[in-house]
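Q: For reference, this is coords_4.cif, and it has mmCIF, C-alpha atoms and all ligand atoms.
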```cif
data_structure
loop_
_atom_site.label_atom_id
_atom_site.label_comp_id
_atom_site.auth_asym_id
_atom_site.auth_seq_id
_atom_site.Cartn_x
_atom_site.Cartn_y
_atom_site.Cartn_z
CA MET P 1 0.00 0.00 0.00
CA THR P 2 1.23 3.48 -0.84
CA ASN P 3 2.16 5.62 2.14
CA PRO P 4 1.38 9.26 1.31
CA LEU P 5 4.11 10.57 3.62
CA GLN P 6 6.69 8.52 1.78
CA LEU P 7 5.25 9.70 -1.50
CA LEU P 8 5.77 13.32 -0.39
CA GLU P 9 9.35 12.53 0.58
CA LYS P 10 10.04 10.92 -2.79
CA PHE P 11 8.48 13.88 -4.56
CA ARG P 12 10.73 16.25 -2.64
CA ALA P 13 13.78 14.15 -3.49
CA SER P 14 12.91 14.11 -7.21
CA PHE P 15 11.45 17.58 -7.79
CA PHE P 16 12.91 19.61 -4.87
CA ALA P 17 9.50 20.96 -3.86
CA SER P 18 6.57 20.10 -1.63
CA ALA P 19 3.45 18.65 -3.22
CA THR P 20 -0.28 18.16 -2.80
CA ILE P 21 -1.52 14.57 -2.68
CA TYR P 22 -4.59 13.15 -4.42
CA ARG P 23 -5.96 9.66 -4.79
CA ALA P 24 -8.63 7.92 -6.88
CA PRO P 25 -9.92 4.38 -6.27
CA GLY P 26 -10.21 1.28 -8.43
CA ARG P 27 -13.62 -0.37 -8.59
CA VAL P 28 -15.42 -3.66 -8.36
CA ASN P 29 -18.75 -4.19 -10.08
CA LEU P 30 -21.36 -6.10 -8.05
CA ILE P 31 -23.66 -6.69 -11.02
CA GLY P 32 -24.55 -5.05 -14.36
CA GLU P 33 -21.74 -6.25 -16.63
CA HIS P 34 -21.35 -5.09 -20.25
CA THR P 35 -24.46 -2.97 -19.84
CA ASP P 36 -22.84 0.49 -19.54
CA TYR P 37 -22.17 0.92 -23.25
CA ASN P 38 -25.73 -0.22 -23.94
CA ASP P 39 -27.14 2.76 -21.98
CA GLY P 40 -28.08 0.32 -19.20
CA PHE P 41 -27.65 -0.05 -15.44
CA VAL P 42 -24.56 -0.94 -13.37
CA LEU P 43 -23.91 -1.41 -9.65
CA PRO P 44 -20.20 -0.81 -8.94
CA ALA P 45 -18.44 0.18 -5.72
CA ALA P 46 -15.16 2.04 -5.37
CA ILE P 47 -12.57 -0.08 -3.53
CA GLY P 48 -9.89 0.68 -0.96
CA PHE P 49 -7.05 0.43 -3.51
CA TYR P 50 -5.95 3.68 -5.10
CA CYS P 51 -3.86 5.49 -7.64
CA TRP P 52 -1.98 8.17 -5.70
CA VAL P 53 -0.66 11.35 -7.28
CA ALA P 54 1.70 13.91 -5.73
CA ALA P 55 1.63 17.13 -7.75
CA ALA P 56 3.14 20.61 -7.78
CA PRO P 57 2.97 23.40 -10.36
CA ARG P 58 5.69 24.32 -12.89
CA ARG P 59 6.33 27.71 -14.46
CA ASP P 60 6.36 26.37 -18.03
CA ARG P 61 3.74 24.39 -20.00
CA ARG P 62 5.32 20.99 -19.47
CA LEU P 63 3.97 17.92 -17.72
CA VAL P 64 6.73 15.87 -16.14
CA ILE P 65 5.41 12.58 -14.81
CA HIS P 66 7.26 9.88 -12.91
CA SER P 67 5.62 6.49 -12.34
CA GLU P 68 6.76 4.59 -9.27
CA ASN P 69 5.21 1.39 -10.63
CA PHE P 70 7.16 1.51 -13.89
CA ASN P 71 10.14 3.46 -12.55
CA GLU P 72 10.03 5.71 -15.57
CA THR P 73 9.74 9.46 -16.19
CA VAL P 74 7.95 10.95 -19.21
CA GLU P 75 7.62 14.58 -20.33
CA ALA P 76 5.43 16.46 -22.76
CA ASN P 77 4.29 19.95 -23.60
CA LEU P 78 0.61 20.60 -22.85
CA ASP P 79 0.20 22.21 -26.27
CA SER P 80 1.51 19.26 -28.28
CA LEU P 81 0.30 16.10 -26.57
CA SER P 82 0.22 12.87 -28.55
CA ALA P 83 0.11 9.19 -27.66
CA ILE P 84 3.46 7.48 -27.05
CA ALA P 85 3.67 3.77 -27.92
CA LYS P 86 0.50 1.66 -27.83
CA ASN P 87 -0.15 0.25 -24.34
CA HIS P 88 2.26 2.70 -22.67
CA TRP P 89 1.13 3.79 -19.17
CA SER P 90 1.70 7.47 -19.97
CA ASN P 91 -1.16 7.45 -22.50
CA TYR P 92 -3.59 7.56 -19.56
CA PRO P 93 -2.33 10.76 -17.90
CA PHE P 94 -1.46 12.47 -21.21
CA GLY P 95 -4.84 11.41 -22.64
CA VAL P 96 -6.68 13.09 -19.79
CA ALA P 97 -4.64 16.29 -20.12
CA CYS P 98 -5.31 16.25 -23.86
CA ALA P 99 -9.08 15.79 -23.35
CA PHE P 100 -9.18 18.82 -21.06
CA GLN P 101 -7.07 20.94 -23.39
CA ASN P 102 -9.34 20.02 -26.33
CA ALA P 103 -12.37 20.98 -24.25
CA GLY P 104 -10.92 24.45 -23.86
CA LYS P 105 -9.63 24.15 -20.29
CA ARG P 106 -6.31 25.92 -19.87
CA LEU P 107 -4.23 23.58 -17.72
CA LYS P 108 -0.97 24.67 -16.11
CA GLY P 109 2.29 22.76 -16.34
CA ALA P 110 2.96 20.40 -13.43
CA ASN P 111 5.31 17.82 -11.97
CA LEU P 112 3.57 14.59 -10.98
CA LEU P 113 4.69 11.53 -9.10
CA ILE P 114 2.29 8.59 -9.50
CA SER P 115 2.08 5.46 -7.39
CA GLY P 116 -0.74 2.96 -7.77
CA ASP P 117 -1.80 0.13 -5.52
CA VAL P 118 -4.77 -1.03 -7.62
CA PRO P 119 -3.54 -4.38 -9.01
CA LEU P 120 -2.60 -3.75 -12.65
CA GLY P 121 -4.38 -5.62 -15.43
CA ALA P 122 -6.64 -7.41 -12.95
CA GLY P 123 -9.96 -5.95 -14.11
CA LEU P 124 -10.19 -3.57 -11.13
CA SER P 125 -9.83 -0.43 -13.24
CA SER P 126 -6.36 0.72 -12.43
CA SER P 127 -6.71 2.66 -15.69
CA ALA P 128 -9.75 4.67 -14.53
CA ALA P 129 -7.97 5.26 -11.20
CA ILE P 130 -4.92 6.83 -12.88
CA GLU P 131 -7.06 8.87 -15.28
CA VAL P 132 -9.29 10.26 -12.56
CA ALA P 133 -6.49 10.91 -10.06
CA VAL P 134 -4.43 12.77 -12.68
CA GLY P 135 -7.44 14.66 -14.04
CA PHE P 136 -8.45 15.81 -10.56
CA ALA P 137 -4.86 16.78 -9.71
CA LEU P 138 -4.36 18.78 -12.93
CA LEU P 139 -7.62 20.70 -12.54
CA HIS P 140 -6.86 21.47 -8.90
CA GLN P 141 -3.28 22.50 -9.66
CA SER P 142 -4.56 24.77 -12.42
CA GLY P 143 -7.08 26.46 -10.12
CA LEU P 144 -9.99 25.25 -12.28
CA PRO P 145 -13.37 24.20 -10.86
CA ILE P 146 -13.91 20.44 -10.57
CA ASP P 147 -17.19 18.96 -11.77
CA ARG P 148 -17.05 15.24 -11.00
CA LEU P 149 -19.44 14.23 -13.76
CA GLU P 150 -17.47 16.16 -16.34
CA LEU P 151 -14.23 14.69 -14.96
CA ALA P 152 -15.61 11.15 -15.45
CA GLN P 153 -16.69 12.00 -19.00
CA MET P 154 -13.31 13.53 -19.88
CA CYS P 155 -11.50 10.47 -18.54
CA GLN P 156 -13.72 8.15 -20.55
CA LYS P 157 -13.03 10.28 -23.62
CA ALA P 158 -9.30 10.00 -22.96
CA GLU P 159 -9.57 6.22 -22.82
CA ASN P 160 -11.79 6.01 -25.92
CA GLU P 161 -9.88 8.43 -28.11
CA PHE P 162 -6.30 8.63 -26.83
CA VAL P 163 -5.73 5.14 -25.39
CA GLY P 164 -8.03 3.52 -27.96
CA ALA P 165 -10.20 1.33 -25.69
CA ARG P 166 -13.93 1.74 -26.33
CA CYS P 167 -14.95 1.40 -22.66
CA GLY P 168 -18.25 2.64 -21.23
CA ILE P 169 -18.48 5.16 -18.38
CA MET P 170 -18.87 2.88 -15.36
CA ASP P 171 -15.26 2.79 -14.15
CA GLN P 172 -14.50 6.49 -14.41
CA PHE P 173 -17.87 7.41 -12.94
CA VAL P 174 -17.47 5.36 -9.79
CA ALA P 175 -13.84 6.48 -9.38
CA CYS P 176 -15.26 10.03 -9.25
CA GLN P 177 -18.50 9.52 -7.33
CA GLY P 178 -17.87 6.41 -5.16
CA ARG P 179 -19.22 6.54 -1.62
CA ALA P 180 -17.91 4.70 1.48
CA SER P 181 -20.07 1.68 2.50
CA HIS P 182 -22.19 2.03 -0.65
CA ALA P 183 -22.40 0.71 -4.18
CA LEU P 184 -23.79 3.08 -6.83
CA LEU P 185 -26.75 2.23 -9.03
CA LEU P 186 -25.89 4.18 -12.16
CA ASP P 187 -28.20 4.77 -15.09
CA CYS P 188 -25.63 4.96 -17.88
CA ARG P 189 -28.01 6.91 -20.12
CA SER P 190 -29.14 9.75 -17.87
CA LEU P 191 -26.04 9.44 -15.63
CA GLU P 192 -28.32 9.74 -12.62
CA TYR P 193 -27.18 7.59 -9.75
CA LYS P 194 -28.30 6.38 -6.39
CA PRO P 195 -26.02 5.20 -3.56
CA VAL P 196 -27.12 1.75 -2.36
CA LYS P 197 -26.12 0.93 1.20
CA LEU P 198 -24.30 -2.36 1.52
CA SER P 199 -25.83 -4.57 4.17
CA PRO P 200 -23.98 -4.69 7.51
CA GLY P 201 -22.42 -8.07 8.21
CA ILE P 202 -21.32 -8.69 4.62
CA THR P 203 -17.81 -8.29 3.19
CA LEU P 204 -16.77 -7.76 -0.42
CA MET P 205 -14.02 -10.21 -1.32
CA ILE P 206 -12.24 -9.97 -4.63
CA CYS P 207 -10.40 -13.02 -5.97
CA ASN P 208 -7.80 -12.54 -8.68
CA THR P 209 -7.49 -15.45 -11.13
CA MET P 210 -3.97 -14.15 -11.93
CA VAL P 211 -4.65 -14.57 -15.64
CA LYS P 212 -5.39 -11.98 -18.30
CA HIS P 213 -6.11 -13.44 -21.70
CA GLU P 214 -4.79 -11.65 -24.76
CA LEU P 215 -8.23 -11.56 -26.37
CA ALA P 216 -9.61 -9.11 -23.84
CA SER P 217 -9.55 -5.80 -25.73
CA GLY P 218 -10.33 -7.16 -29.21
CA GLU P 219 -13.23 -9.24 -27.93
CA TYR P 220 -14.51 -6.30 -25.87
CA ASN P 221 -14.76 -4.11 -28.96
CA ARG P 222 -16.34 -7.00 -30.89
CA ARG P 223 -19.08 -7.36 -28.23
CA ARG P 224 -19.82 -3.65 -28.55
CA ALA P 225 -20.05 -4.03 -32.30
CA ASP P 226 -22.49 -6.99 -31.91
CA CYS P 227 -24.70 -4.85 -29.69
CA GLU P 228 -24.63 -1.96 -32.15
CA GLU P 229 -25.50 -4.30 -35.01
CA ALA P 230 -28.45 -5.65 -33.02
CA VAL P 231 -29.78 -2.14 -32.43
CA ARG P 232 -29.53 -1.32 -36.13
CA THR P 233 -31.45 -4.50 -37.03
CA LEU P 234 -34.09 -4.18 -34.33
CA ARG P 235 -34.76 -0.53 -35.19
CA LYS P 236 -36.35 -1.71 -38.42
CA VAL P 237 -39.21 -3.15 -36.38
CA LEU P 238 -38.82 -1.08 -33.20
CA PRO P 239 -37.95 2.38 -34.54
CA GLU P 240 -38.22 4.00 -31.11
CA ILE P 241 -35.20 2.15 -29.63
CA ARG P 242 -31.82 3.89 -29.29
CA ALA P 243 -29.88 1.20 -27.45
CA LEU P 244 -30.39 -2.33 -26.09
CA ARG P 245 -31.51 -0.68 -22.87
CA ASP P 246 -34.78 0.13 -24.64
CA VAL P 247 -35.55 -3.47 -25.66
CA THR P 248 -37.72 -5.62 -23.39
CA LEU P 249 -37.32 -9.38 -23.13
CA PRO P 250 -40.70 -10.09 -24.82
CA GLN P 251 -39.71 -7.76 -27.71
CA LEU P 252 -36.36 -9.53 -28.06
CA GLU P 253 -38.09 -12.92 -28.17
CA GLN P 254 -40.64 -11.67 -30.67
CA HIS P 255 -37.96 -10.49 -33.10
CA ARG P 256 -35.41 -13.18 -32.42
CA ALA P 257 -35.54 -14.49 -35.99
CA LEU P 258 -34.13 -11.20 -37.30
CA LEU P 259 -30.87 -11.66 -35.43
CA ASN P 260 -28.13 -14.15 -36.05
CA PRO P 261 -27.94 -16.61 -33.12
CA LYS P 262 -24.73 -15.17 -31.63
CA VAL P 263 -26.03 -11.62 -31.75
CA TYR P 264 -29.32 -12.78 -30.21
CA SER P 265 -27.37 -14.35 -27.31
CA ARG P 266 -25.45 -11.10 -26.74
CA CYS P 267 -28.75 -9.22 -26.60
CA HIS P 268 -30.25 -11.80 -24.27
CA HIS P 269 -27.40 -11.19 -21.84
CA VAL P 270 -27.71 -7.40 -21.93
CA VAL P 271 -31.50 -7.29 -21.60
CA THR P 272 -31.62 -9.82 -18.74
CA GLU P 273 -28.59 -8.26 -16.99
CA ASP P 274 -30.31 -4.87 -16.90
CA ASN P 275 -33.29 -6.54 -15.20
CA ARG P 276 -31.03 -8.40 -12.76
CA THR P 277 -29.20 -5.20 -11.81
CA GLN P 278 -32.41 -3.44 -10.87
CA SER P 279 -33.60 -6.52 -8.98
CA ALA P 280 -30.28 -6.65 -7.10
CA VAL P 281 -30.86 -3.11 -5.83
CA ARG P 282 -34.29 -4.14 -4.56
CA ALA P 283 -32.68 -7.16 -2.88
CA PHE P 284 -30.15 -4.92 -1.08
CA GLU P 285 -32.89 -2.50 -0.06
CA SER P 286 -35.14 -5.21 1.35
CA GLY P 287 -32.20 -7.11 2.87
CA ASP P 288 -33.04 -10.23 0.83
CA LEU P 289 -29.51 -11.46 0.29
CA ARG P 290 -30.64 -14.88 -0.87
CA VAL P 291 -32.15 -13.23 -3.94
CA LEU P 292 -28.95 -11.22 -4.46
CA GLY P 293 -26.94 -14.45 -4.50
CA GLN P 294 -29.24 -15.97 -7.08
CA LEU P 295 -28.97 -12.90 -9.31
CA MET P 296 -25.17 -12.98 -9.13
CA ARG P 297 -25.19 -16.66 -10.07
CA GLU P 298 -27.45 -15.99 -13.06
CA SER P 299 -25.29 -13.03 -14.08
CA HIS P 300 -22.19 -15.21 -14.19
CA ARG P 301 -23.98 -17.90 -16.17
CA SER P 302 -25.22 -15.33 -18.66
CA LEU P 303 -21.74 -13.78 -19.09
CA ARG P 304 -20.28 -17.26 -19.57
CA ASP P 305 -22.87 -18.74 -21.94
CA ASP P 306 -24.62 -15.82 -23.70
CA TYR P 307 -21.99 -13.11 -23.74
CA GLU P 308 -19.00 -15.49 -23.77
CA VAL P 309 -16.59 -13.26 -21.88
CA SER P 310 -15.67 -15.65 -19.06
CA CYS P 311 -12.81 -18.17 -19.13
CA LYS P 312 -12.07 -21.45 -17.38
CA GLU P 313 -10.15 -19.82 -14.53
CA LEU P 314 -13.00 -17.42 -13.74
CA ASP P 315 -15.55 -20.25 -13.92
CA GLN P 316 -13.43 -22.37 -11.61
CA LEU P 317 -12.98 -19.60 -9.08
CA VAL P 318 -16.70 -18.77 -9.06
CA GLU P 319 -17.66 -22.41 -8.65
CA THR P 320 -15.15 -22.97 -5.84
CA ALA P 321 -16.25 -19.81 -4.03
CA ALA P 322 -19.95 -20.53 -4.36
CA ALA P 323 -19.49 -23.88 -2.60
CA GLN P 324 -18.04 -22.28 0.57
CA PRO P 325 -20.08 -21.71 3.71
CA GLY P 326 -21.18 -18.10 4.23
CA VAL P 327 -20.96 -17.15 0.54
CA ILE P 328 -23.99 -15.14 -0.54
CA GLY P 329 -23.01 -14.69 -4.18
CA ALA P 330 -20.06 -15.00 -6.57
CA ARG P 331 -19.50 -13.93 -10.16
CA MET P 332 -16.87 -12.59 -12.54
CA THR P 333 -16.46 -8.81 -12.43
CA GLY P 334 -15.32 -6.32 -15.08
CA GLY P 335 -14.68 -6.94 -18.76
CA GLY P 336 -13.76 -10.65 -18.39
CA PHE P 337 -11.29 -13.07 -20.08
CA GLY P 338 -9.43 -13.26 -16.76
CA GLY P 339 -9.11 -10.73 -13.98
CA CYS P 340 -11.20 -11.01 -10.85
CA THR P 341 -14.36 -12.40 -9.30
CA ILE P 342 -16.51 -10.52 -6.81
CA ASN P 343 -17.77 -12.45 -3.83
CA VAL P 344 -20.30 -11.23 -1.31
CA VAL P 345 -19.44 -13.11 1.87
CA GLU P 346 -20.84 -13.12 5.42
CA SER P 347 -18.22 -11.29 7.46
CA ALA P 348 -17.87 -14.16 9.93
CA ALA P 349 -16.85 -16.51 7.11
CA VAL P 350 -14.13 -14.31 5.57
CA GLU P 351 -11.06 -16.00 7.02
CA ALA P 352 -12.13 -19.55 6.22
CA PHE P 353 -13.15 -18.41 2.72
CA GLN P 354 -9.75 -16.88 2.09
CA GLN P 355 -7.85 -19.98 3.14
CA THR P 356 -10.03 -22.61 1.49
CA VAL P 357 -10.56 -20.81 -1.81
CA ALA P 358 -6.85 -20.04 -2.16
CA ALA P 359 -5.90 -23.66 -1.47
CA GLU P 360 -8.55 -25.19 -3.73
CA TYR P 361 -7.88 -22.85 -6.67
CA LEU P 362 -4.16 -23.53 -6.39
CA ALA P 363 -4.79 -27.27 -6.41
CA GLN P 364 -7.16 -26.99 -9.39
CA THR P 365 -5.14 -24.66 -11.61
CA GLY P 366 -1.58 -24.45 -10.26
CA LEU P 367 -2.15 -20.68 -9.85
CA LYS P 368 -1.93 -18.91 -6.51
CA PRO P 369 -4.82 -16.45 -6.41
CA GLU P 370 -4.59 -13.10 -4.68
CA ILE P 371 -7.62 -12.44 -2.50
CA TYR P 372 -8.43 -8.87 -1.49
CA VAL P 373 -10.88 -7.76 1.17
CA SER P 374 -12.18 -4.29 0.47
CA ALA P 375 -14.61 -1.88 2.03
CA ALA P 376 -16.60 0.22 -0.43
CA SER P 377 -14.78 3.54 -0.54
CA ASP P 378 -15.12 7.20 -1.46
CA GLY P 379 -14.28 8.54 -4.90
CA VAL P 380 -11.35 10.77 -5.86
CA GLN P 381 -10.16 13.29 -3.28
CA GLN P 382 -7.33 15.46 -2.14
CA VAL P 383 -5.60 13.76 0.79
CA GLU P 384 -4.65 15.64 3.93
CA VAL P 385 -1.34 14.01 4.70
CA ASN P 386 -1.47 15.06 8.38
CA SER P 387 -4.36 12.67 8.87
CA PHE P 388 -1.94 9.79 8.14
CA GLY P 389 0.26 10.74 11.14
CA ALA P 390 3.92 11.69 11.02
C1 LIG J 401 -14.67 -2.71 -18.59
C2 LIG J 401 -15.06 -1.35 -19.13
C3 LIG J 401 -16.39 -0.87 -18.53
C4 LIG J 401 -17.47 -1.96 -18.65
C5 LIG J 401 -16.93 -3.31 -18.16
C6 LIG J 401 -17.90 -4.43 -18.40
O1 LIG J 401 -14.37 -2.58 -17.22
O2 LIG J 401 -14.08 -0.38 -18.85
O3 LIG J 401 -16.81 0.32 -19.15
O4 LIG J 401 -17.95 -2.05 -19.96
O5 LIG J 401 -15.71 -3.65 -18.78
O6 LIG J 401 -19.04 -4.27 -17.62
#
```
Could you quickly redo this structure as structure tokens?
Ligand code: GLA
A:
Amino acid sequence: MTNPLQLLEKFRASFFASATIYRAPGRVNLIGEHTDYNDGFVLPAAIGFYCWVAAAPRRDRRLVIHSENFNETVEANLDSLSAIAKNHWSNYPFGVACAFQNAGKRLKGANLLISGDVPLGAGLSSSAAIEVAVGFALLHQSGLPIDRLELAQMCQKAENEFVGARCGIMDQFVACQGRASHALLLDCRSLEYKPVKLSPGITLMICNTMVKHELASGEYNRRRADCEEAVRTLRKVLPEIRALRDVTLPQLEQHRALLNPKVYSRCHHVVTEDNRTQSAVRAFESGDLRVLGQLMRESHRSLRDDYEVSCKELDQLVETAAAQPGVIGARMTGGGFGGCTINVVESAAVEAFQQTVAAEYLAQTGLKPEIYVSAASDGVQQVEVNSFGA
């Protein structure tokens, strides 16, 4: 875990100045997967793993950024930002700066030191965490007002246009608006959201399969294209629809013959997942955790069979977890093809869960999973270092 006092010390040693510290969280999604780019509903929570940024102003128009994780420093002029190599970490911070500049915000030059403790490439949105932390830091350093919704949208734009990943808005939104002890029900069309209190006595446990399959980004974009194709086809008979969010299950069944079988299955996932997400909120609100567990199980099955974004390691980890005492629900979380599962576990069962699941998954796959326990956390903020003690 990053210690903000140490981060300040390192900043001073590198840039010979004091700094302000900011942090933005990663996220875990409880339910509502691959629905955000279909204008649908999602239920993510910010987690207690962060991207930390120490920042101080410069007199010129340069951004000088050092990453602790990659032990590398990059530099660019704010007026001539362009992507470095594909997949380079600096595309995230430069992309955000570029999105703001293009939107007419006059940023000031700055020195940044970045240190992230969101596991990288594990489907917990380390990318949204770095985007949002840097975006917040640059606006604050430039003396510009911070609108969290606009920040989320700018960060998504950076990822879509500068990094080249066609993600929806879920990750950046919850990194901006997350609330301690709550998940957020987000309507990805109106961008209205409602904090949903997590029941006392339950713990969110995140299990990392420790695999990330190469297919992830190509298949992600392909799923989006399938959904867009379905909307184009269905509009011929349902001209009022704008996205899969507008299609009901009876309508989908009625017009099934118009869609090729794969595309129909993709739609079936999205339409039923939107329903499950809204039902999950009702289950939290009424305290009916048995129903929540069932919805999570169905969500995983639908992602595995209809949307085909799971993999054998995720299936194994979900199955193993679901068989443990005290487990309310388990499913894959995030884009898929590896990464993590989310498990809602009775707090009293956490320790046994951790030990047994780790041992069984290791025996089954030869992989040692990382298991994280995380409270739902607040979104991006400036950090008062004094509160961490000297
Ligand atoms: C990734 C994307 C999100 C969302 C999920 C799937 O995390 O960044 O926008 O589409 O996959 O739910």
Q: Restricting the calculation to all atoms listed in the file: of P:Val327, P:Cys207, P:Ala152, P:Ala24, which residue gets closest to Ile130 (chain P)?
A: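 Among the listed residues, the smallest separation from Ile130 (chain P) belongs to P:Ala24.
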Q: Need to verify the contact set: Ala243 (chain P), 10 Å, only C-alpha atoms, exclusion of same-chain residues closer than 2 positions in sequence. Can you return it as a PyMOL selection string?
A: chain P and resi 37-40+189+227-228+230-232+234-235+240-241+245-247
Q: Nearest to ligand LIG 401 (chain J): which of P:Thr20, P:Gln101, P:Asn91, P:Ser299 is it, counting only C-alpha atoms and all ligand atoms?
A: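 Looking only at the distances to ligand LIG 401 (chain J), the closest residue turns out to be P:Ser299.
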Q: Mind running chain P against ligand LIG 401 (chain J) at 8 Å and telling me each contacting residue's nearest atom pair with the distance in Å (one decimal), counting only C-alpha atoms and all ligand atoms, chain and number ascending, as a tab-separated table?
A:
```
residue	atom	partner	partner_atom	distance
P:Asn29	CA	J:LIG401	O6	7.5
P:Gly32	CA	J:LIG401	O6	6.4
P:Glu33	CA	J:LIG401	O6	3.5
P:His34	CA	J:LIG401	O6	3.6
P:Thr35	CA	J:LIG401	O6	6.0
P:Asp36	CA	J:LIG401	O4	5.5
P:Tyr37	CA	J:LIG401	O4	6.1
P:Val42	CA	J:LIG401	O6	7.7
P:Gly123	CA	J:LIG401	O1	6.4
P:Leu124	CA	J:LIG401	O1	7.5
P:Ser125	CA	J:LIG401	O1	6.4
P:Ala128	CA	J:LIG401	O2	7.9
P:Arg166	CA	J:LIG401	O2	7.8
P:Cys167	CA	J:LIG401	O3	4.1
P:Gly168	CA	J:LIG401	O3	3.4
P:Ile169	CA	J:LIG401	O3	5.2
P:Met170	CA	J:LIG401	O3	5.0
P:Asp171	CA	J:LIG401	O3	5.8
P:Tyr220	CA	J:LIG401	O5	7.7
P:Thr333	CA	J:LIG401	O6	7.4
P:Gly334	CA	J:LIG401	O1	4.4
P:Gly335	CA	J:LIG401	O5	3.4
P:Gly336	CA	J:LIG401	O5	7.3
```
Q: Identify, on the basis of all atoms listed in the file, every residue whose closest approach to region 77-79 of chain P does not exceed 10 Å; exclude the query and any residue fewer than 5 positions from it along the same chain; express the result as an mmCIF file with C-alpha atoms, in the coordinates of the input.
A:
```cif
data_model
loop_
_atom_site.group_PDB
_atom_site.id
_atom_site.type_symbol
_atom_site.label_atom_id
_atom_site.label_comp_id
_atom_site.auth_asym_id
_atom_site.auth_seq_id
_atom_site.Cartn_x
_atom_site.Cartn_y
_atom_site.Cartn_z
ATOM 1 C CA ASP P 60 6.360 26.370 -18.030
ATOM 2 C CA ARG P 61 3.740 24.390 -20.000
ATOM 3 C CA ARG P 62 5.320 20.990 -19.470
ATOM 4 C CA LEU P 63 3.970 17.920 -17.720
ATOM 5 C CA VAL P 64 6.730 15.870 -16.140
ATOM 6 C CA PHE P 94 -1.460 12.470 -21.210
ATOM 7 C CA ALA P 97 -4.640 16.290 -20.120
ATOM 8 C CA CYS P 98 -5.310 16.250 -23.860
ATOM 9 C CA GLN P 101 -7.070 20.940 -23.390
ATOM 10 C CA ASN P 102 -9.340 20.020 -26.330
ATOM 11 C CA ARG P 106 -6.310 25.920 -19.870
ATOM 12 C CA LEU P 107 -4.230 23.580 -17.720
ATOM 13 C CA LYS P 108 -0.970 24.670 -16.110
ATOM 14 C CA GLY P 109 2.290 22.760 -16.340
ATOM 15 C CA ALA P 110 2.960 20.400 -13.430
#
```
Q: Smallest atom-to-atom distance to Leu144 (chain P): which of P:Ala349, P:Lys105, P:Pro4, P:Ser310, using all atoms listed in the file?
A: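 Nearest to Leu144 (chain P): P:Lys105.
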